[in-house]
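Next comes final-v4.pdb, a file with PDB, C-alpha atoms.
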ATOM      1  CA  THR A  18      -0.919  17.370 -35.420  1.00  0.00           C
ATOM      2  CA  MET A  19      -0.697  17.599 -31.644  1.00  0.00           C
ATOM      3  CA  SER A  20       1.900  19.920 -30.217  1.00  0.00           C
ATOM      4  CA  SER A  21       4.655  18.981 -27.814  1.00  0.00           C
ATOM      5  CA  LEU A  22       4.277  19.671 -24.095  1.00  0.00           C
ATOM      6  CA  LEU A  23       8.038  20.063 -23.565  1.00  0.00           C
ATOM      7  CA  LYS A  24       8.247  23.856 -23.731  1.00  0.00           C
ATOM      8  CA  LEU A  25       4.922  24.791 -22.122  1.00  0.00           C
ATOM      9  CA  THR A  26       5.262  26.970 -19.036  1.00  0.00           C
ATOM     10  CA  SER A  27       3.132  24.429 -17.116  1.00  0.00           C
ATOM     11  CA  THR A  28       5.762  21.723 -17.728  1.00  0.00           C
ATOM     12  CA  ILE A  29       8.415  21.229 -15.044  1.00  0.00           C
ATOM     13  CA  VAL A  30      11.837  20.143 -16.370  1.00  0.00           C
ATOM     14  CA  HIS A  31      14.788  19.072 -14.202  1.00  0.00           C
ATOM     15  CA  ARG A  32      18.062  19.402 -16.092  1.00  0.00           C
ATOM     16  CA  PRO A  33      21.512  18.112 -15.188  1.00  0.00           C
ATOM     17  CA  SER A  34      23.405  20.595 -13.029  1.00  0.00           C
ATOM     18  CA  SER A  35      26.074  22.388 -15.027  1.00  0.00           C
ATOM     19  CA  GLY A  36      29.409  20.601 -15.019  1.00  0.00           C
ATOM     20  CA  ALA A  37      27.750  17.187 -14.818  1.00  0.00           C
ATOM     21  CA  ALA A  38      28.720  14.840 -17.633  1.00  0.00           C
ATOM     22  CA  SER A  39      29.590  17.755 -19.956  1.00  0.00           C
ATOM     23  CA  GLY A  40      26.189  19.289 -19.142  1.00  0.00           C
ATOM     24  CA  ARG A  41      24.489  17.677 -22.160  1.00  0.00           C
ATOM     25  CA  PRO A  42      21.781  15.234 -21.137  1.00  0.00           C
ATOM     26  CA  SER A  43      22.017  11.807 -22.787  1.00  0.00           C
ATOM     27  CA  ALA A  44      18.707  10.398 -21.522  1.00  0.00           C
ATOM     28  CA  ALA A  45      15.209  11.589 -20.617  1.00  0.00           C
ATOM     29  CA  VAL A  46      12.253  10.545 -18.479  1.00  0.00           C
ATOM     30  CA  VAL A  47       8.770  11.902 -19.225  1.00  0.00           C
ATOM     31  CA  TRP A  48       6.759  11.570 -15.988  1.00  0.00           C
ATOM     32  CA  THR A  49       2.975  11.966 -16.082  1.00  0.00           C
ATOM     33  CA  HIS A  50       0.801  12.644 -13.042  1.00  0.00           C
ATOM     34  CA  GLY A  51      -2.605  11.222 -12.106  1.00  0.00           C
ATOM     35  CA  LEU A  52      -6.173  12.560 -12.305  1.00  0.00           C
ATOM     36  CA  GLY A  53      -6.648  15.994 -10.741  1.00  0.00           C
ATOM     37  CA  ASP A  54      -2.948  16.394  -9.945  1.00  0.00           C
ATOM     38  CA  THR A  55      -0.263  18.755 -11.295  1.00  0.00           C
ATOM     39  CA  PRO A  56       3.382  18.274 -12.315  1.00  0.00           C
ATOM     40  CA  HIS A  57       4.335  19.446  -8.804  1.00  0.00           C
ATOM     41  CA  GLY A  58       2.894  16.226  -7.347  1.00  0.00           C
ATOM     42  CA  TRP A  59       5.948  14.223  -8.456  1.00  0.00           C
ATOM     43  CA  ALA A  60       8.594  16.876  -9.142  1.00  0.00           C
ATOM     44  CA  MET A  61      10.104  16.723  -5.636  1.00  0.00           C
ATOM     45  CA  LEU A  62      10.740  12.988  -6.004  1.00  0.00           C
ATOM     46  CA  THR A  63      12.269  13.253  -9.456  1.00  0.00           C
ATOM     47  CA  GLN A  64      14.469  16.119  -8.303  1.00  0.00           C
ATOM     48  CA  SER A  65      16.186  13.554  -6.078  1.00  0.00           C
ATOM     49  CA  PHE A  66      16.281  11.110  -9.029  1.00  0.00           C
ATOM     50  CA  ALA A  67      17.891  13.828 -11.159  1.00  0.00           C
ATOM     51  CA  ARG A  68      20.648  14.274  -8.567  1.00  0.00           C
ATOM     52  CA  ALA A  69      21.313  10.522  -8.696  1.00  0.00           C
ATOM     53  CA  MET A  70      21.214  10.516 -12.538  1.00  0.00           C
ATOM     54  CA  PRO A  71      22.990  13.716 -13.637  1.00  0.00           C
ATOM     55  CA  HIS A  72      22.973  12.604 -17.287  1.00  0.00           C
ATOM     56  CA  ALA A  73      19.161  12.630 -17.537  1.00  0.00           C
ATOM     57  CA  ILE A  74      16.440  15.248 -17.871  1.00  0.00           C
ATOM     58  CA  PHE A  75      13.078  14.723 -16.154  1.00  0.00           C
ATOM     59  CA  VAL A  76      10.061  16.224 -17.900  1.00  0.00           C
ATOM     60  CA  HIS A  77       6.719  16.658 -16.098  1.00  0.00           C
ATOM     61  CA  PRO A  78       3.890  17.713 -18.425  1.00  0.00           C
ATOM     62  CA  ALA A  79       0.526  18.913 -17.092  1.00  0.00           C
ATOM     63  CA  ALA A  80      -2.649  17.137 -18.197  1.00  0.00           C
ATOM     64  CA  PRO A  81      -5.240  19.216 -20.060  1.00  0.00           C
ATOM     65  CA  ASN A  82      -8.360  20.288 -18.142  1.00  0.00           C
ATOM     66  CA  LEU A  83     -11.159  18.000 -19.301  1.00  0.00           C
ATOM     67  CA  PRO A  84     -14.594  16.895 -18.044  1.00  0.00           C
ATOM     68  CA  VAL A  85     -14.491  13.567 -16.177  1.00  0.00           C
ATOM     69  CA  SER A  86     -17.620  11.396 -16.270  1.00  0.00           C
ATOM     70  CA  CYS A  87     -17.094   9.644 -12.909  1.00  0.00           C
ATOM     71  CA  ASN A  88     -16.868  13.062 -11.246  1.00  0.00           C
ATOM     72  CA  MET A  89     -20.236  14.119 -12.705  1.00  0.00           C
ATOM     73  CA  GLY A  90     -18.585  15.882 -15.626  1.00  0.00           C
ATOM     74  CA  ALA A  91     -16.460  18.168 -13.446  1.00  0.00           C
ATOM     75  CA  VAL A  92     -13.502  19.661 -15.313  1.00  0.00           C
ATOM     76  CA  MET A  93     -10.033  18.849 -13.921  1.00  0.00           C
ATOM     77  CA  PRO A  94      -6.545  17.837 -15.075  1.00  0.00           C
ATOM     78  CA  SER A  95      -7.201  14.530 -16.847  1.00  0.00           C
ATOM     79  CA  TRP A  96      -5.443  12.480 -19.541  1.00  0.00           C
ATOM     80  CA  MET A  97      -8.505  10.353 -20.379  1.00  0.00           C
ATOM     81  CA  ASP A  98     -12.148  10.022 -19.385  1.00  0.00           C
ATOM     82  CA  LEU A  99     -13.065   7.617 -16.597  1.00  0.00           C
ATOM     83  CA  LEU A 100     -16.604   6.285 -16.276  1.00  0.00           C
ATOM     84  CA  ASN A 101     -16.137   4.682 -12.842  1.00  0.00           C
ATOM     85  CA  ILE A 102     -13.868   4.660  -9.824  1.00  0.00           C
ATOM     86  CA  PRO A 103     -12.567   2.249  -8.594  1.00  0.00           C
ATOM     87  CA  VAL A 104     -10.827   1.312 -11.834  1.00  0.00           C
ATOM     88  CA  THR A 105     -11.071  -2.444 -12.476  1.00  0.00           C
ATOM     89  CA  PRO A 106      -9.783  -4.696 -15.285  1.00  0.00           C
ATOM     90  CA  GLY A 107     -12.203  -4.842 -18.196  1.00  0.00           C
ATOM     91  CA  MET A 108     -14.229  -1.909 -16.867  1.00  0.00           C
ATOM     92  CA  GLU A 109     -16.554   0.008 -19.169  1.00  0.00           C
ATOM     93  CA  ASP A 110     -14.468   2.495 -21.147  1.00  0.00           C
ATOM     94  CA  ASN A 111     -15.524   5.101 -23.727  1.00  0.00           C
ATOM     95  CA  GLY A 112     -11.911   5.760 -24.778  1.00  0.00           C
ATOM     96  CA  ARG A 113     -12.510   9.522 -24.762  1.00  0.00           C
ATOM     97  CA  ASP A 114      -9.454  11.836 -24.776  1.00  0.00           C
ATOM     98  CA  LEU A 115      -6.886   8.990 -24.664  1.00  0.00           C
ATOM     99  CA  ASP A 116      -5.838   9.192 -28.324  1.00  0.00           C
ATOM    100  CA  GLU A 117      -5.289  12.947 -28.056  1.00  0.00           C
ATOM    101  CA  SER A 118      -3.181  12.509 -24.925  1.00  0.00           C
ATOM    102  CA  VAL A 119      -1.105   9.768 -26.596  1.00  0.00           C
ATOM    103  CA  ALA A 120      -0.533  12.120 -29.549  1.00  0.00           C
ATOM    104  CA  MET A 121       0.678  14.827 -27.126  1.00  0.00           C
ATOM    105  CA  MET A 122       3.063  12.332 -25.520  1.00  0.00           C
ATOM    106  CA  HIS A 123       4.411  11.285 -28.915  1.00  0.00           C
ATOM    107  CA  ALA A 124       4.905  14.928 -29.941  1.00  0.00           C
ATOM    108  CA  THR A 125       6.750  15.508 -26.649  1.00  0.00           C
ATOM    109  CA  VAL A 126       9.074  12.528 -27.262  1.00  0.00           C
ATOM    110  CA  ASP A 127       9.703  13.760 -30.827  1.00  0.00           C
ATOM    111  CA  ASP A 128      10.547  17.204 -29.447  1.00  0.00           C
ATOM    112  CA  ILE A 129      13.033  15.733 -26.921  1.00  0.00           C
ATOM    113  CA  VAL A 130      14.684  13.763 -29.737  1.00  0.00           C
ATOM    114  CA  ALA A 131      14.897  16.869 -31.936  1.00  0.00           C
ATOM    115  CA  SER A 132      15.693  19.655 -29.477  1.00  0.00           C
ATOM    116  CA  GLU A 133      17.742  17.754 -26.873  1.00  0.00           C
ATOM    117  CA  ASN A 134      19.439  15.379 -29.331  1.00  0.00           C
ATOM    118  CA  ILE A 135      18.453  12.364 -27.204  1.00  0.00           C
ATOM    119  CA  PRO A 136      17.609   9.198 -29.175  1.00  0.00           C
ATOM    120  CA  ALA A 137      14.248   7.494 -28.584  1.00  0.00           C
ATOM    121  CA  ASP A 138      15.935   4.413 -27.147  1.00  0.00           C
ATOM    122  CA  ARG A 139      17.322   6.610 -24.332  1.00  0.00           C
ATOM    123  CA  ILE A 140      13.847   7.843 -23.306  1.00  0.00           C
ATOM    124  CA  VAL A 141      11.593   6.364 -20.611  1.00  0.00           C
ATOM    125  CA  LEU A 142       7.871   7.107 -20.210  1.00  0.00           C
ATOM    126  CA  ALA A 143       6.752   6.921 -16.569  1.00  0.00           C
ATOM    127  CA  GLY A 144       3.513   7.712 -14.809  1.00  0.00           C
ATOM    128  CA  PHE A 145       1.240   7.244 -11.827  1.00  0.00           C
ATOM    129  CA  SER A 146      -2.376   6.067 -12.041  1.00  0.00           C
ATOM    130  CA  GLN A 147      -3.921   7.762 -15.128  1.00  0.00           C
ATOM    131  CA  GLY A 148      -0.375   8.774 -16.062  1.00  0.00           C
ATOM    132  CA  GLY A 149       0.718   5.141 -15.775  1.00  0.00           C
ATOM    133  CA  ALA A 150      -2.072   3.989 -18.099  1.00  0.00           C
ATOM    134  CA  LEU A 151      -1.131   6.808 -20.504  1.00  0.00           C
ATOM    135  CA  SER A 152       2.591   5.948 -20.391  1.00  0.00           C
ATOM    136  CA  LEU A 153       1.829   2.275 -21.106  1.00  0.00           C
ATOM    137  CA  VAL A 154      -0.294   2.990 -24.189  1.00  0.00           C
ATOM    138  CA  SER A 155       1.957   5.843 -25.413  1.00  0.00           C
ATOM    139  CA  ALA A 156       5.098   3.713 -25.182  1.00  0.00           C
ATOM    140  CA  LEU A 157       3.501   0.758 -26.965  1.00  0.00           C
ATOM    141  CA  LYS A 158       2.108   2.927 -29.770  1.00  0.00           C
ATOM    142  CA  TYR A 159       5.311   4.924 -30.354  1.00  0.00           C
ATOM    143  CA  PRO A 160       6.745   4.038 -33.800  1.00  0.00           C
ATOM    144  CA  LYS A 161      10.295   3.532 -32.498  1.00  0.00           C
ATOM    145  CA  LYS A 162      11.714   1.547 -29.597  1.00  0.00           C
ATOM    146  CA  LEU A 163      11.831   3.457 -26.310  1.00  0.00           C
ATOM    147  CA  ALA A 164      14.221   2.471 -23.503  1.00  0.00           C
ATOM    148  CA  GLY A 165      11.521   1.611 -21.030  1.00  0.00           C
ATOM    149  CA  THR A 166       8.241   2.313 -19.298  1.00  0.00           C
ATOM    150  CA  VAL A 167       7.231   2.745 -15.658  1.00  0.00           C
ATOM    151  CA  VAL A 168       3.592   2.097 -14.713  1.00  0.00           C
ATOM    152  CA  LEU A 169       2.780   2.909 -11.071  1.00  0.00           C
ATOM    153  CA  SER A 170      -0.711   2.032  -9.782  1.00  0.00           C
ATOM    154  CA  GLY A 171      -1.880   1.971 -13.405  1.00  0.00           C
ATOM    155  CA  TRP A 172      -3.995  -0.188 -15.709  1.00  0.00           C
ATOM    156  CA  CYS A 173      -4.650  -1.356 -19.263  1.00  0.00           C
ATOM    157  CA  PRO A 174      -7.288   1.006 -20.747  1.00  0.00           C
ATOM    158  CA  PRO A 175      -9.796  -1.494 -22.217  1.00  0.00           C
ATOM    159  CA  LYS A 176     -10.492   0.537 -25.384  1.00  0.00           C
ATOM    160  CA  ALA A 177      -6.750   0.580 -26.190  1.00  0.00           C
ATOM    161  CA  ASP A 178      -6.487  -3.242 -26.569  1.00  0.00           C
ATOM    162  CA  VAL A 179      -3.067  -3.369 -24.913  1.00  0.00           C
ATOM    163  CA  ASN A 180      -2.517  -7.031 -25.827  1.00  0.00           C
ATOM    164  CA  ALA A 181      -2.668  -6.211 -29.549  1.00  0.00           C
ATOM    165  CA  LEU A 182      -0.485  -3.115 -29.025  1.00  0.00           C
ATOM    166  CA  VAL A 183       2.282  -5.083 -27.288  1.00  0.00           C
ATOM    167  CA  ALA A 184       2.451  -7.688 -30.036  1.00  0.00           C
ATOM    168  CA  ALA A 185       3.051  -5.003 -32.693  1.00  0.00           C
ATOM    169  CA  SER A 186       5.213  -2.587 -30.670  1.00  0.00           C
ATOM    170  CA  PRO A 187       8.928  -1.847 -31.239  1.00  0.00           C
ATOM    171  CA  THR A 188       9.066  -1.071 -27.495  1.00  0.00           C
ATOM    172  CA  LYS A 189       8.238  -4.663 -26.583  1.00  0.00           C
ATOM    173  CA  ASP A 190      12.042  -5.015 -26.716  1.00  0.00           C
ATOM    174  CA  GLY A 191      12.326  -2.304 -24.053  1.00  0.00           C
ATOM    175  CA  LYS A 192      12.010  -2.892 -20.310  1.00  0.00           C
ATOM    176  CA  PHE A 193       8.932  -2.327 -18.139  1.00  0.00           C
ATOM    177  CA  PHE A 194       8.537  -1.642 -14.411  1.00  0.00           C
ATOM    178  CA  ILE A 195       5.076  -2.242 -12.938  1.00  0.00           C
ATOM    179  CA  GLY A 196       4.432  -1.223  -9.310  1.00  0.00           C
ATOM    180  CA  HIS A 197       1.158  -1.414  -7.370  1.00  0.00           C
ATOM    181  CA  GLY A 198      -0.034  -1.363  -3.758  1.00  0.00           C
ATOM    182  CA  ASP A 199      -1.994  -4.369  -2.531  1.00  0.00           C
ATOM    183  CA  ALA A 200      -4.307  -2.045  -0.560  1.00  0.00           C
ATOM    184  CA  ASP A 201      -5.215   0.169  -3.541  1.00  0.00           C
ATOM    185  CA  GLY A 202      -8.943   0.944  -3.450  1.00  0.00           C
ATOM    186  CA  VAL A 203      -8.890   3.426  -6.369  1.00  0.00           C
ATOM    187  CA  VAL A 204      -7.159   1.320  -9.052  1.00  0.00           C
ATOM    188  CA  VAL A 205      -7.604  -2.230  -7.773  1.00  0.00           C
ATOM    189  CA  PRO A 206      -4.444  -4.406  -7.512  1.00  0.00           C
ATOM    190  CA  SER A 207      -5.715  -6.823 -10.198  1.00  0.00           C
ATOM    191  CA  CYS A 208      -5.253  -3.945 -12.688  1.00  0.00           C
ATOM    192  CA  GLY A 209      -1.504  -4.063 -12.061  1.00  0.00           C
ATOM    193  CA  GLU A 210      -1.566  -7.865 -12.325  1.00  0.00           C
ATOM    194  CA  GLU A 211      -3.306  -7.564 -15.696  1.00  0.00           C
ATOM    195  CA  VAL A 212      -0.613  -5.191 -17.041  1.00  0.00           C
ATOM    196  CA  VAL A 213       2.101  -7.658 -15.969  1.00  0.00           C
ATOM    197  CA  LYS A 214       0.260 -10.633 -17.473  1.00  0.00           C
ATOM    198  CA  VAL A 215      -0.388  -8.954 -20.849  1.00  0.00           C
ATOM    199  CA  LEU A 216       3.264  -7.890 -21.132  1.00  0.00           C
ATOM    200  CA  LYS A 217       4.713 -11.244 -20.042  1.00  0.00           C
ATOM    201  CA  GLN A 218       2.493 -13.302 -22.349  1.00  0.00           C
ATOM    202  CA  ASN A 219       4.015 -11.298 -25.220  1.00  0.00           C
ATOM    203  CA  GLY A 220       7.572 -12.032 -24.075  1.00  0.00           C
ATOM    204  CA  VAL A 221       8.324  -8.582 -22.644  1.00  0.00           C
ATOM    205  CA  ALA A 222      11.002  -8.038 -19.956  1.00  0.00           C
ATOM    206  CA  VAL A 223       8.991  -6.997 -16.882  1.00  0.00           C
ATOM    207  CA  THR A 224      10.056  -6.065 -13.370  1.00  0.00           C
ATOM    208  CA  SER A 225       6.970  -6.090 -11.146  1.00  0.00           C
ATOM    209  CA  GLU A 226       6.562  -5.257  -7.484  1.00  0.00           C
ATOM    210  CA  VAL A 227       3.518  -5.369  -5.211  1.00  0.00           C
ATOM    211  CA  TYR A 228       3.891  -3.233  -2.084  1.00  0.00           C
ATOM    212  CA  PRO A 229       2.177  -4.536   1.064  1.00  0.00           C
ATOM    213  CA  ASN A 230      -0.350  -2.240   2.753  1.00  0.00           C
ATOM    214  CA  MET A 231       0.221   0.510   0.164  1.00  0.00           C
ATOM    215  CA  ALA A 232      -2.933   2.338  -0.921  1.00  0.00           C
ATOM    216  CA  HIS A 233      -3.304   4.438  -4.124  1.00  0.00           C
ATOM    217  CA  SER A 234       0.005   6.124  -3.512  1.00  0.00           C
ATOM    218  CA  SER A 235       3.746   5.506  -3.529  1.00  0.00           C
ATOM    219  CA  CYS A 236       6.233   4.544  -0.824  1.00  0.00           C
ATOM    220  CA  GLY A 237       9.958   4.774  -0.136  1.00  0.00           C
ATOM    221  CA  LYS A 238      10.606   1.207  -1.290  1.00  0.00           C
ATOM    222  CA  GLU A 239       8.831   1.797  -4.612  1.00  0.00           C
ATOM    223  CA  GLU A 240      10.722   5.056  -5.158  1.00  0.00           C
ATOM    224  CA  LYS A 241      14.013   3.231  -4.544  1.00  0.00           C
ATOM    225  CA  ASP A 242      12.983   0.404  -6.898  1.00  0.00           C
ATOM    226  CA  VAL A 243      12.041   2.865  -9.665  1.00  0.00           C
ATOM    227  CA  LEU A 244      15.363   4.714  -9.346  1.00  0.00           C
ATOM    228  CA  GLU A 245      17.260   1.403  -9.615  1.00  0.00           C
ATOM    229  CA  PHE A 246      15.204   0.492 -12.684  1.00  0.00           C
ATOM    230  CA  LEU A 247      15.878   3.858 -14.358  1.00  0.00           C
ATOM    231  CA  LYS A 248      19.629   3.533 -13.677  1.00  0.00           C
ATOM    232  CA  GLU A 249      19.519   0.111 -15.316  1.00  0.00           C
ATOM    233  CA  VAL A 250      17.588   1.068 -18.489  1.00  0.00           C
ATOM    234  CA  ILE A 251      19.165   4.485 -19.141  1.00  0.00           C
ATOM    235  CA  PRO A 252      22.619   4.198 -17.518  1.00  0.00           C
TER     236      PRO A 252
END
Before we go any further, please render this structure as C-alpha cells.
Amino acid sequence: TMSSLLKLTSTIVHRPSSGAASGRPSAAVVWTHGLGDTPHGWAMLTQSFARAMPHAIFVHPAAPNLPVSCNMGAVMPSWMDLLNIPVTPGMEDNGRDLDESVAMMHATVDDIVASENIPADRIVLAGFSQGGALSLVSALKYPKKLAGTVVLSGWCPPKADVNALVAASPTKDGKFFIGHGDADGVVVPSCGEEVVKVLKQNGVAVTSEVYPNMAHSSCGKEEKDVLEFLKEVIP
C-alpha cells in the first residue's frame, strides 16, 4: 500500500490560525503542483486562501522525482510520465507512474480523514497542469464522494479513460472547477475543453472558465474564481 504524503517534511500544510473557528479544521484542500515544480510554487497563493477560509487546511504534497520521457529521461518532480509536450487531447500515453501517484493521493485523503477528523465530502483535490490531471483522476477513482475538484490548465490522461471513470464515480455528485488559458502552448486549450465535455456529458456540475491571453500559468481572475468556488463547495 502507498503511504500518505500528509506528514512528509516536503509537504507544506497551512492550518487555521489558532482561535479561528475553535481551531479545528472542518475542511481540507490537497493542492498538487505541475511538472518540475515544488509545493512552494503554489503555497503563497493558498496562504491567502487559508486566511479567507480559516476553517480549512491546505496541503501541498511534493511529487516524487521520476524520469520524464519528453525531457529525454531527465529526472525531476513528476506525477506521471509525459511522452510529448505540448499536451494534446488523445495524445500518446504510456500511463507510467499515474496509478502510483493516484494511490499516494488516496492514502493522503485517507490520512486527512483519519488524523484530522475531516470527512471525505469536505475535501477538495486541486491541481495545476500535471497536478490538475492527477487531481481529476484521483478524485474520480476515490471510493467515496469528495466535495469537489479543481483542474487548472489540466487534461484527461488518455490511459485513464476519464469518461468511464466519471460514469462510475461517487464524486460525480461533487462539483468541478475547470480553468484554462486560451493562449496555453504547453497544455493546449482543447485539453480543458475535453475535461469539461467529458464531465458534462455524464451530468456532472461543472464551473468552467477560459481566461483570455493567459498562457500556461494562472492569473488574478482565476485565483479569485477558484477561491469563490472553494468557499461554495466547502463553506
Checklist line | Between CA of Glu117 (chain A) and CA of Val130 (chain A) - distance in Å to one decimal | finding: 20.1 Å
Margin query: List the spatial neighbours of region 211-223 of chain A as a VMD selection string - criterion: any atom at most 12 Å away, all atoms listed in the file, same-chain residues fewer than 6 positions off excluded.
Written below: chain A and resid 105 to 107 149 to 150 153 to 154 157 164 to 175 178 to 197 204 to 205 246 250
Note to self: Could you tell me, as a PyMOL selection string, exactly which residues end up selected when the PyMOL selection byres ((chain A and resi 43) around 8) is applied to this structure?
What the structure shows: chain A and resi 41-42+44-45+72-73+134-135+139
Next item on the list: Considering only C-alpha atoms, return as a ChimeraX atom specification whatever protein or nucleic-acid residues lie within 8 Å of Asp138 (chain A), sequence-local ones (same chain, fewer than 4 positions apart) excluded.
Entry: /A:161-164
Item checked: Residue IDs satisfying the PyMOL selection byres ((chain A and resi 31) around 7), as a list in words ->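 The output of the PyMOL selection byres ((chain A and resi 31) around 7) on this file is Ile29, Val30, Arg32, Pro33, Gln64, Ala67, Ile74, Phe75 and Val76 of chain A.
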Notebook entry, point to check: Written as a ChimeraX atom specification, what is the full residue list that the PyMOL selection byres ((chain A and resi 125-127) around 6) yields on the file shown?
Noted result: /A:21-23,122-124,128-130
Can you take region 175-188 of chain A from the block and write N, CA, C and O atoms as a PDB file, in the first residue's frame?
ATOM      1  N   PRO A 175      -5.091  10.083 -21.333  1.00  0.00           N
ATOM      2  CA  PRO A 175      -5.788   9.113 -22.189  1.00  0.00           C
ATOM      3  C   PRO A 175      -5.864   7.703 -21.612  1.00  0.00           C
ATOM      4  O   PRO A 175      -6.909   7.046 -21.684  1.00  0.00           O
ATOM      5  N   LYS A 176      -4.759   7.233 -20.990  1.00  0.00           N
ATOM      6  CA  LYS A 176      -4.742   5.862 -20.466  1.00  0.00           C
ATOM      7  C   LYS A 176      -5.740   5.674 -19.313  1.00  0.00           C
ATOM      8  O   LYS A 176      -6.102   4.552 -18.978  1.00  0.00           O
ATOM      9  N   ALA A 177      -6.159   6.781 -18.684  1.00  0.00           N
ATOM     10  CA  ALA A 177      -7.046   6.672 -17.519  1.00  0.00           C
ATOM     11  C   ALA A 177      -8.508   6.459 -17.900  1.00  0.00           C
ATOM     12  O   ALA A 177      -9.313   6.080 -17.063  1.00  0.00           O
ATOM     13  N   ASP A 178      -8.870   6.695 -19.171  1.00  0.00           N
ATOM     14  CA  ASP A 178     -10.265   6.590 -19.631  1.00  0.00           C
ATOM     15  C   ASP A 178     -11.213   7.344 -18.695  1.00  0.00           C
ATOM     16  O   ASP A 178     -12.052   6.755 -17.995  1.00  0.00           O
ATOM     17  N   VAL A 179     -11.060   8.666 -18.691  1.00  0.00           N
ATOM     18  CA  VAL A 179     -11.807   9.514 -17.753  1.00  0.00           C
ATOM     19  C   VAL A 179     -13.309   9.370 -17.937  1.00  0.00           C
ATOM     20  O   VAL A 179     -14.071   9.373 -16.963  1.00  0.00           O
ATOM     21  N   ASN A 180     -13.769   9.209 -19.168  1.00  0.00           N
ATOM     22  CA  ASN A 180     -15.216   9.057 -19.401  1.00  0.00           C
ATOM     23  C   ASN A 180     -15.800   7.893 -18.604  1.00  0.00           C
ATOM     24  O   ASN A 180     -16.834   8.028 -17.939  1.00  0.00           O
ATOM     25  N   ALA A 181     -15.111   6.746 -18.644  1.00  0.00           N
ATOM     26  CA  ALA A 181     -15.575   5.575 -17.886  1.00  0.00           C
ATOM     27  C   ALA A 181     -15.475   5.824 -16.378  1.00  0.00           C
ATOM     28  O   ALA A 181     -16.335   5.387 -15.610  1.00  0.00           O
ATOM     29  N   LEU A 182     -14.420   6.536 -15.950  1.00  0.00           N
ATOM     30  CA  LEU A 182     -14.253   6.828 -14.523  1.00  0.00           C
ATOM     31  C   LEU A 182     -15.390   7.694 -13.991  1.00  0.00           C
ATOM     32  O   LEU A 182     -15.913   7.452 -12.911  1.00  0.00           O
ATOM     33  N   VAL A 183     -15.775   8.718 -14.763  1.00  0.00           N
ATOM     34  CA  VAL A 183     -16.831   9.630 -14.299  1.00  0.00           C
ATOM     35  C   VAL A 183     -18.114   8.854 -14.085  1.00  0.00           C
ATOM     36  O   VAL A 183     -18.785   9.001 -13.058  1.00  0.00           O
ATOM     37  N   ALA A 184     -18.462   8.030 -15.062  1.00  0.00           N
ATOM     38  CA  ALA A 184     -19.740   7.305 -15.007  1.00  0.00           C
ATOM     39  C   ALA A 184     -19.855   6.478 -13.732  1.00  0.00           C
ATOM     40  O   ALA A 184     -20.947   6.351 -13.165  1.00  0.00           O
ATOM     41  N   ALA A 185     -18.740   5.938 -13.247  1.00  0.00           N
ATOM     42  CA  ALA A 185     -18.768   5.026 -12.094  1.00  0.00           C
ATOM     43  C   ALA A 185     -18.408   5.708 -10.775  1.00  0.00           C
ATOM     44  O   ALA A 185     -18.395   5.058  -9.733  1.00  0.00           O
ATOM     45  N   SER A 186     -18.122   7.016 -10.797  1.00  0.00           N
ATOM     46  CA  SER A 186     -17.528   7.661  -9.620  1.00  0.00           C
ATOM     47  C   SER A 186     -18.548   8.239  -8.642  1.00  0.00           C
ATOM     48  O   SER A 186     -19.460   8.957  -9.051  1.00  0.00           O
ATOM     49  N   PRO A 187     -18.370   7.970  -7.324  1.00  0.00           N
ATOM     50  CA  PRO A 187     -19.209   8.646  -6.322  1.00  0.00           C
ATOM     51  C   PRO A 187     -19.043  10.169  -6.381  1.00  0.00           C
ATOM     52  O   PRO A 187     -19.963  10.909  -6.043  1.00  0.00           O
ATOM     53  N   THR A 188     -17.872  10.638  -6.835  1.00  0.00           N
ATOM     54  CA  THR A 188     -17.602  12.079  -6.845  1.00  0.00           C
ATOM     55  C   THR A 188     -18.250  12.774  -8.037  1.00  0.00           C
ATOM     56  O   THR A 188     -18.198  13.991  -8.156  1.00  0.00           O
TER      57      THR A 188
END
